[in-house]
$ cat start30.pdb   # PDB, C-alpha atoms
ATOM      1  CA  MET F   1     -44.771 200.828  47.363
ATOM      2  CA  SER F   2     -44.606 203.252  50.184
ATOM      3  CA  LYS F   3     -41.784 203.298  52.708
ATOM      4  CA  LEU F   4     -44.292 202.763  55.495
ATOM      5  CA  TYR F   5     -45.597 199.578  53.854
ATOM      6  CA  LEU F   6     -42.055 198.230  53.244
ATOM      7  CA  SER F   7     -41.118 198.935  56.844
ATOM      8  CA  PHE F   8     -44.247 197.103  58.021
ATOM      9  CA  VAL F   9     -43.445 194.061  55.833
ATOM     10  CA  GLN F  10     -39.823 193.936  57.013
ATOM     11  CA  LYS F  11     -40.822 194.132  60.683
ATOM     12  CA  SER F  12     -43.533 191.530  60.154
ATOM     13  CA  PHE F  13     -41.024 189.068  58.697
ATOM     14  CA  LYS F  14     -38.633 189.667  61.608
ATOM     15  CA  TYR F  15     -41.369 188.986  64.161
ATOM     16  CA  LEU F  16     -42.623 185.995  62.235
ATOM     17  CA  PHE F  17     -39.101 184.570  62.115
ATOM     18  CA  LEU F  18     -38.675 185.087  65.870
ATOM     19  CA  LEU F  19     -42.049 183.478  66.505
ATOM     20  CA  PHE F  20     -41.077 180.366  64.527
ATOM     21  CA  LEU F  21     -37.730 180.253  66.315
ATOM     22  CA  VAL F  22     -39.380 180.394  69.744
ATOM     23  CA  PHE F  23     -41.887 177.662  68.835
ATOM     24  CA  GLU F  24     -39.073 175.491  67.503
ATOM     25  CA  LEU F  25     -37.179 175.855  70.780
ATOM     26  CA  GLU F  26     -40.253 175.167  72.874
ATOM     27  CA  SER F  27     -41.332 172.173  70.831
ATOM     28  CA  SER F  28     -38.092 170.242  71.258
ATOM     29  CA  GLU F  29     -38.882 167.042  73.074
ATOM     30  CA  LYS F  30     -36.949 165.500  75.895
ATOM     31  CA  ILE F  31     -34.754 162.602  74.914
ATOM     32  CA  ASP F  32     -36.144 159.290  76.163
ATOM     33  CA  ILE F  33     -32.975 157.931  77.707
ATOM     34  CA  LYS F  34     -34.636 154.658  78.750
ATOM     35  CA  GLU F  35     -35.365 153.949  75.087
ATOM     36  CA  LEU F  36     -31.728 154.515  74.125
ATOM     37  CA  LEU F  37     -30.355 152.777  77.226
ATOM     38  CA  PRO F  38     -32.728 149.953  78.193
ATOM     39  CA  LYS F  39     -30.197 148.681  80.739
ATOM     40  CA  ILE F  40     -29.658 151.468  83.270
ATOM     41  CA  GLU F  41     -28.135 150.737  86.645
ATOM     42  CA  ILE F  42     -28.769 153.309  89.344
ATOM     43  CA  ALA F  43     -26.075 154.286  91.819
ATOM     44  CA  SER F  44     -27.844 156.276  94.518
ATOM     45  CA  ASN F  45     -26.029 155.335  97.699
ATOM     46  CA  PHE F  46     -22.464 156.032  98.731
ATOM     47  CA  GLU F  47     -21.140 152.507  98.180
ATOM     48  CA  ASP F  48     -22.665 152.151  94.704
ATOM     49  CA  ARG F  49     -21.412 155.584  93.633
ATOM     50  CA  LYS F  50     -17.951 154.857  95.050
ATOM     51  CA  LYS F  51     -17.662 151.558  93.151
ATOM     52  CA  GLY F  52     -19.279 152.815  89.943
ATOM     53  CA  LEU F  53     -18.046 150.731  87.022
ATOM     54  CA  MET F  54     -14.748 149.678  88.615
ATOM     55  CA  TYR F  55     -13.376 146.225  87.779
ATOM     56  CA  ILE F  56     -15.922 145.603  84.988
ATOM     57  CA  PRO F  57     -14.178 144.489  81.768
ATOM     58  CA  SER F  58     -16.787 145.877  79.348
ATOM     59  CA  ILE F  59     -20.344 147.164  79.001
ATOM     60  CA  SER F  60     -22.757 147.087  76.081
ATOM     61  CA  ASP F  61     -23.898 150.208  74.237
ATOM     62  CA  GLU F  62     -27.344 149.585  75.766
ATOM     63  CA  PHE F  63     -25.982 149.995  79.310
ATOM     64  CA  GLY F  64     -25.473 153.102  81.381
ATOM     65  CA  MET F  65     -24.954 153.907  85.040
ATOM     66  CA  PHE F  66     -27.070 156.751  86.384
ATOM     67  CA  PHE F  67     -25.663 158.447  89.494
ATOM     68  CA  ILE F  68     -27.930 160.192  91.995
ATOM     69  CA  TRP F  69     -26.533 162.233  94.873
ATOM     70  CA  GLU F  70     -28.511 163.376  97.918
ATOM     71  CA  TYR F  71     -27.954 167.063  97.236
ATOM     72  CA  LYS F  72     -26.623 169.377  94.556
ATOM     73  CA  LYS F  73     -22.953 170.262  94.560
ATOM     74  CA  LYS F  74     -20.089 170.260  92.085
ATOM     75  CA  GLN F  75     -19.771 166.526  91.533
ATOM     76  CA  CYS F  76     -16.517 164.865  90.520
ATOM     77  CA  MET F  77     -15.687 161.436  89.145
ATOM     78  CA  TRP F  78     -12.512 159.571  88.350
ATOM     79  CA  MET F  79     -11.524 156.334  86.645
ATOM     80  CA  LYS F  80      -9.491 154.591  89.348
ATOM     81  CA  ASP F  81      -9.625 150.810  88.737
ATOM     82  CA  THR F  82     -11.972 151.298  85.760
ATOM     83  CA  PHE F  83     -10.982 149.337  82.646
ATOM     84  CA  ILE F  84     -13.510 150.822  80.211
ATOM     85  CA  PRO F  85     -13.123 154.176  78.422
ATOM     86  CA  LEU F  86     -16.235 156.097  79.452
ATOM     87  CA  SER F  87     -18.065 159.341  78.844
ATOM     88  CA  VAL F  88     -19.935 161.069  81.649
ATOM     89  CA  ALA F  89     -22.706 163.634  81.342
ATOM     90  CA  TYR F  90     -23.528 165.862  84.293
ATOM     91  CA  ILE F  91     -27.248 166.566  84.397
ATOM     92  CA  ALA F  92     -29.322 169.374  85.951
ATOM     93  CA  ASP F  93     -32.603 168.842  87.839
ATOM     94  CA  ASN F  94     -34.642 169.493  84.686
ATOM     95  CA  GLY F  95     -32.676 166.881  82.697
ATOM     96  CA  GLU F  96     -30.500 169.370  80.813
ATOM     97  CA  ILE F  97     -27.032 168.055  80.080
ATOM     98  CA  ILE F  98     -24.619 170.545  81.611
ATOM     99  CA  GLY F  99     -21.431 168.946  80.318
ATOM    100  CA  ILE F 100     -20.122 165.782  78.689
ATOM    101  CA  HIS F 101     -16.601 164.570  79.399
ATOM    102  CA  ASP F 102     -14.580 161.677  78.010
ATOM    103  CA  MET F 103     -12.630 159.810  80.658
ATOM    104  CA  VAL F 104      -9.484 157.713  80.467
ATOM    105  CA  PRO F 105      -9.257 154.236  82.047
ATOM    106  CA  PHE F 106      -7.306 154.069  85.337
ATOM    107  CA  SER F 107      -6.929 157.859  85.525
ATOM    108  CA  LYS F 108      -7.000 159.329  89.012
ATOM    109  CA  LYS F 109      -7.699 162.790  87.607
ATOM    110  CA  SER F 110     -11.054 164.121  88.785
ATOM    111  CA  VAL F 111     -13.534 165.210  86.128
ATOM    112  CA  CYS F 112     -15.980 167.648  87.723
ATOM    113  CA  SER F 113     -19.250 169.313  86.843
ATOM    114  CA  LYS F 114     -19.041 173.048  86.161
ATOM    115  CA  ILE F 115     -22.059 173.801  88.324
ATOM    116  CA  PRO F 116     -23.768 172.003  91.211
ATOM    117  CA  VAL F 117     -25.784 168.966  90.043
ATOM    118  CA  LYS F 118     -27.440 165.887  91.553
ATOM    119  CA  TYR F 119     -27.204 163.580  88.529
ATOM    120  CA  ALA F 120     -24.696 162.046  86.134
ATOM    121  CA  LEU F 121     -24.834 159.375  83.451
ATOM    122  CA  GLU F 122     -21.857 157.177  82.541
ATOM    123  CA  VAL F 123     -21.786 155.265  79.255
ATOM    124  CA  ASN F 124     -19.220 153.873  76.825
ATOM    125  CA  LYS F 125     -16.902 156.539  75.452
ATOM    126  CA  ASN F 126     -18.388 158.329  72.407
ATOM    127  CA  TRP F 127     -21.895 156.960  73.098
ATOM    128  CA  PHE F 128     -23.260 160.511  73.353
ATOM    129  CA  LYS F 129     -21.658 161.438  70.010
ATOM    130  CA  LYS F 130     -23.076 158.328  68.331
ATOM    131  CA  GLN F 131     -26.554 159.231  69.643
ATOM    132  CA  ASN F 132     -26.094 162.888  68.612
ATOM    133  CA  ILE F 133     -26.634 163.993  72.215
ATOM    134  CA  LYS F 134     -24.766 167.099  73.286
ATOM    135  CA  THR F 135     -24.494 169.700  76.019
ATOM    136  CA  GLY F 136     -27.756 171.640  76.290
ATOM    137  CA  ASP F 137     -29.944 168.702  75.251
ATOM    138  CA  VAL F 138     -32.614 167.664  77.735
ATOM    139  CA  ILE F 139     -33.184 164.053  78.664
ATOM    140  CA  ASP F 140     -36.224 162.643  80.437
ATOM    141  CA  ILE F 141     -34.856 161.597  83.828
ATOM    142  CA  LYS F 142     -38.162 161.400  85.724
ATOM    143  CA  GLY F 143     -38.661 157.715  84.931
ATOM    144  CA  ILE F 144     -35.135 156.884  86.071
ATOM    145  CA  ILE F 145     -35.441 158.840  89.298
ATOM    146  CA  LYS F 146     -38.859 157.353  90.109
ATOM    147  CA  SER F 147     -37.584 153.817  89.580
ATOM    148  CA  ASP F 148     -35.017 154.410  92.315
ATOM    149  CA  TYR F 149     -37.624 154.967  95.018
TER
END

$ encode --input "start30.pdb" --output "structure tokens"
Amino acid sequence: MSKLYLSFVQKSFKYLFLLFLVFELESSEKIDIKELLPKIEIASNFEDRKKGLMYIPSISDEFGMFFIWEYKKKQCMWMKDTFIPLSVAYIADNGEIIGIHDMVPFSKKSVCSKIPVKYALEVNKNWFKKQNIKTGDVIDIKGIIKSDY
């Protein structure tokens, strides 16, 4: 075989591999969070966000609290007067999970988003791990946001 032909075949395989990789990335579907969490409570006003899950003794693995702020900024949460170990995911406008943090009951330490966001989702600690949901995954938040209006 000629060197020119081998070079062509090698380059073709590289481009083909990149093409498959791009299609795989583009074809990933958004996670239907309402299917995984049929019981979502929305906290979209100051009082609801301030109270959060304080004073509640436990929540089921089918429950989550979705926080909506009026505008994007670095959001922070804490666990004052919260009995339940929780995990919080900070979420971008497109539904991408920016960060997931485990939080300790009764801690007054603020856990903040790394970048400005408008959304967060609180669930039982390790719920995201059990669902194999991680930073960079995209969840479908449109249905949740629409149900708040």

$ closest_residue --input "start30.pdb" --among "F:Ile141, F:Met79, F:Leu36, F:Val117" --to "F:Asp102" --atoms "only C-alpha atoms"
F:Met79

$ resolve_selection --input "start30.pdb" --expression "the PyMOL selection byres ((chain F and resi 62) around 10)" --output "number ranges by chain"
F: 34-40, 59-61, 63-64, 123-124, 127

$ write_last_selection --input "start30.pdb" --atoms "C-alpha atoms" --output "PDB file, in the frame of the given file"
ATOM      1  CA  LYS F  34     -34.636 154.658  78.750  1.00  0.00           C
ATOM      2  CA  GLU F  35     -35.365 153.949  75.087  1.00  0.00           C
ATOM      3  CA  LEU F  36     -31.728 154.515  74.125  1.00  0.00           C
ATOM      4  CA  LEU F  37     -30.355 152.777  77.226  1.00  0.00           C
ATOM      5  CA  PRO F  38     -32.728 149.953  78.193  1.00  0.00           C
ATOM      6  CA  LYS F  39     -30.197 148.681  80.739  1.00  0.00           C
ATOM      7  CA  ILE F  40     -29.658 151.468  83.270  1.00  0.00           C
ATOM      8  CA  ILE F  59     -20.344 147.164  79.001  1.00  0.00           C
ATOM      9  CA  SER F  60     -22.757 147.087  76.081  1.00  0.00           C
ATOM     10  CA  ASP F  61     -23.898 150.208  74.237  1.00  0.00           C
ATOM     11  CA  PHE F  63     -25.982 149.995  79.310  1.00  0.00           C
ATOM     12  CA  GLY F  64     -25.473 153.102  81.381  1.00  0.00           C
ATOM     13  CA  VAL F 123     -21.786 155.265  79.255  1.00  0.00           C
ATOM     14  CA  ASN F 124     -19.220 153.873  76.825  1.00  0.00           C
ATOM     15  CA  TRP F 127     -21.895 156.960  73.098  1.00  0.00           C
TER      16      TRP F 127
END

$ resolve_selection --input "start30.pdb" --expression "the PyMOL selection byres ((chain F and resi 85) around 8)" --output "PyMOL selection string"
chain F and resi 82-84+86-87+102-105+124-125

$ resolve_selection --input "start30.pdb" --expression "the PyMOL selection byres ((chain F and resi 145) around 12)" --output "list in words"
Ile33, Lys34, Ile40, Glu41, Ile42, Ala43, Ser44, Phe66, Phe67, Ile68, Trp69, Glu70, Asp93, Asn94, Gly95, Lys118, Tyr119, Ala120, Asp140, Ile141, Lys142, Gly143, Ile144, Lys146, Ser147, Asp148 and Tyr149 of chain F

$ axis_aligned_box --input "start30.pdb" --around "stretch 124-141 of chain F" --padding-each-side "8 Å" --output "lines of an AutoDock Vina configuration file"
center_x = -26.6
center_y = 162.8
center_z = 76.1
size_x = 35.3
size_y = 33.8
size_z = 31.5

$ residues_around --input "start30.pdb" --residues "F:Pro116" --least-positions-apart "4" --cutoff "8 Å" --atoms "all atoms listed in the file" --output "list in words"
Lys72, Lys73, Lys74 and Gln75 of chain F

$ atom_distance --input "start30.pdb" --atom1 "atom CA of F:Phe46" --atom2 "atom CA of F:Glu122"
16.2 Å

$ closest_residue --input "start30.pdb" --among "F:Val111, F:Ile97, F:Leu121, F:Ile91" --to "F:Gly136" --atoms "all atoms listed in the file"
F:Ile97

$ atom_distance --input "start30.pdb" --atom1 "atom CA of F:Ser107" --atom2 "atom CA of F:Lys130"
23.6 Å

$ closest_residue --input "start30.pdb" --among "F:His101, F:Gly52, F:Ala92, F:Cys112" --to "F:Cys76" --atoms "only C-alpha atoms"
F:Cys112

$ atom_distance --input "start30.pdb" --atom1 "atom CA of F:Ile100" --atom2 "atom CA of F:Ile115"
12.7 Å

$ closest_residue --input "start30.pdb" --among "F:Lys30, F:Lys80, F:Lys108, F:Lys129" --to "F:Lys51" --atoms "all atoms listed in the file"
F:Lys80

$ residues_around --input "start30.pdb" --residues "F:Glu29" --least-positions-apart "4" --cutoff "10 Å" --atoms "only C-alpha atoms" --output "list in words"
Leu25, Asp137, Val138, Ile139 and Asp140 of chain F
